[in-house]
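J.: Here you go, one structure.
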Amino acid sequence: MPIWEFLLIIAGIIIVFSVIHLIAGNKRPVKKSVISILIGIAALAAVNLTSSFTGVVLPVSLLSVLVSAGGGIPGVTLMLALNLFF
């Protein structure tokens with residue numbers, strides 16, 4: 001997948017989150033959406049950084065980064081649960 005497609009998907013996620021935050025009445029919807037995306041990616045990074053202690057590994061791929069960016073901490077938790085069962 002070319003880098004421009006990846007950036008287009010991330011921009012789409014930012015726009016969707018911004019609209020959700022705007023409807024919710026937040027004063028800075030773009031800032032809130034970028035923060036929620038960064039928290040999701042940080043959660044994926046935290047799982048992978050602690051994998052030597054916990055033994056739980058989520059492979060970093062385009063799909064896992066997009067799920068963690070779009071879903072945040074619940075998205076990472078969902079990937080961990082799916083990794084456990086499948």
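Note on naming: chains are A, B, ... as they come in the structure tokens, residues start from 1 per chain, ligands start from 1 in the order shown.
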Which polymer residues have any atom within 12 Å of an atom of Val16 in chain A, counting only C-alpha atoms, with same-chain residues fewer than 3 positions away left out, as a list in words?
T.: Ile9, Ile10, Ala11, Gly12, Ile13, Val19, Ile20, His21, Leu22, Ile23, Pro29, Val30, Lys32, Ser33, Val34, Ser36, Ile37, Ala69, Gly70 and Gly71 of chain A
J.: Can you tell me, as JSON, numbers by chain, which residues in chain A count as helix (DSSP H, G or I) by DSSP?
T.: {"A": [3, 4, 5, 6, 7, 8, 9, 10, 11, 12, 13, 14, 15, 16, 17, 18, 19, 20, 21, 22, 23, 24, 29, 30, 31, 32, 33, 34, 35, 36, 37, 38, 39, 40, 41, 42, 43, 44, 45, 46, 47, 48, 49, 51, 52, 53, 54, 62, 63, 64, 65, 66, 67, 68, 69, 70, 71, 72, 73, 74, 75, 76, 77, 78, 79, 80, 81, 82, 83, 84, 85]}
J.: Counting only C-alpha atoms, which of A:Ala42, A:Met1, A:Leu66, A:Ile35 gets nearest to Ser18 in chain A?
T.: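 Going through A:Ala42, A:Met1, A:Leu66, A:Ile35 one by one, the smallest distance to Ser18 in chain A is for A:Ile35.
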J.: Please identify all polymer residues within 9 Å of Val57 in chain A, counting only C-alpha atoms, omitting same-chain residues fewer than 4 positions from it, and present them as a list in words.
T.: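 Surrounding residues, per the criterion: Val47, Asn48, Leu49, Thr50, Ser51, Ser52, Leu80 and Asn83 of chain A.
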J.: In Å, with one decimal, what is the gap from CA of Pro74 in chain A to CA of Ala46 in chain A?
T.: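 CA of Ala46 in chain A lies at a distance of 13.9 Å from CA of Pro74 in chain A.
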J.: Compile the contact shell of range 61-64 of chain A as a PyMOL selection string: residues with an atom at most 9 Å away, counting only C-alpha atoms, same-chain residues fewer than 6 positions apart removed.
T.: chain A and resi 1+6+44+75-76+79
J.: Suppose we keep N, CA and C atoms; can you now write the selection as a short mmCIF file (atom, residue, chain, number, x, y, z; two decimals), in the first residue's frame?
T.:
```cif
data_model
loop_
_atom_site.label_atom_id
_atom_site.label_comp_id
_atom_site.auth_asym_id
_atom_site.auth_seq_id
_atom_site.Cartn_x
_atom_site.Cartn_y
_atom_site.Cartn_z
N MET A 1 0.85 -1.17 0.00
CA MET A 1 0.00 0.00 0.00
C MET A 1 0.89 1.23 0.00
N PHE A 6 -2.21 5.40 2.94
CA PHE A 6 -2.16 5.35 4.40
C PHE A 6 -2.48 6.72 4.99
N LEU A 44 -0.94 0.63 21.44
CA LEU A 44 -0.35 -0.45 20.65
C LEU A 44 1.15 -0.55 20.91
N GLY A 75 -9.92 -0.56 20.73
CA GLY A 75 -9.46 -1.27 19.54
C GLY A 75 -8.28 -2.17 19.83
N VAL A 76 -7.35 -1.68 20.63
CA VAL A 76 -6.20 -2.50 21.01
C VAL A 76 -6.65 -3.66 21.89
N MET A 79 -8.13 -6.29 19.68
CA MET A 79 -7.09 -7.07 18.99
C MET A 79 -6.44 -8.06 19.95
#
```
J.: With only C-alpha atoms as the basis for distance, which of A:Asn26, A:Phe85, A:Ala45, A:Leu78 is at the shortest distance from Val65 in chain A?
T.: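 Nearest to Val65 in chain A: A:Ala45.
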J.: What is the CA of Ala43 in chain A to CA of Leu84 in chain A distance in Å?
T.: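 The value is 17.2 Å.
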J.: In Å, how far is it from CA of Val67 in chain A to CA of Gly25 in chain A?
T.: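 We find that CA of Val67 in chain A and CA of Gly25 in chain A lie 25.0 Å from each other.
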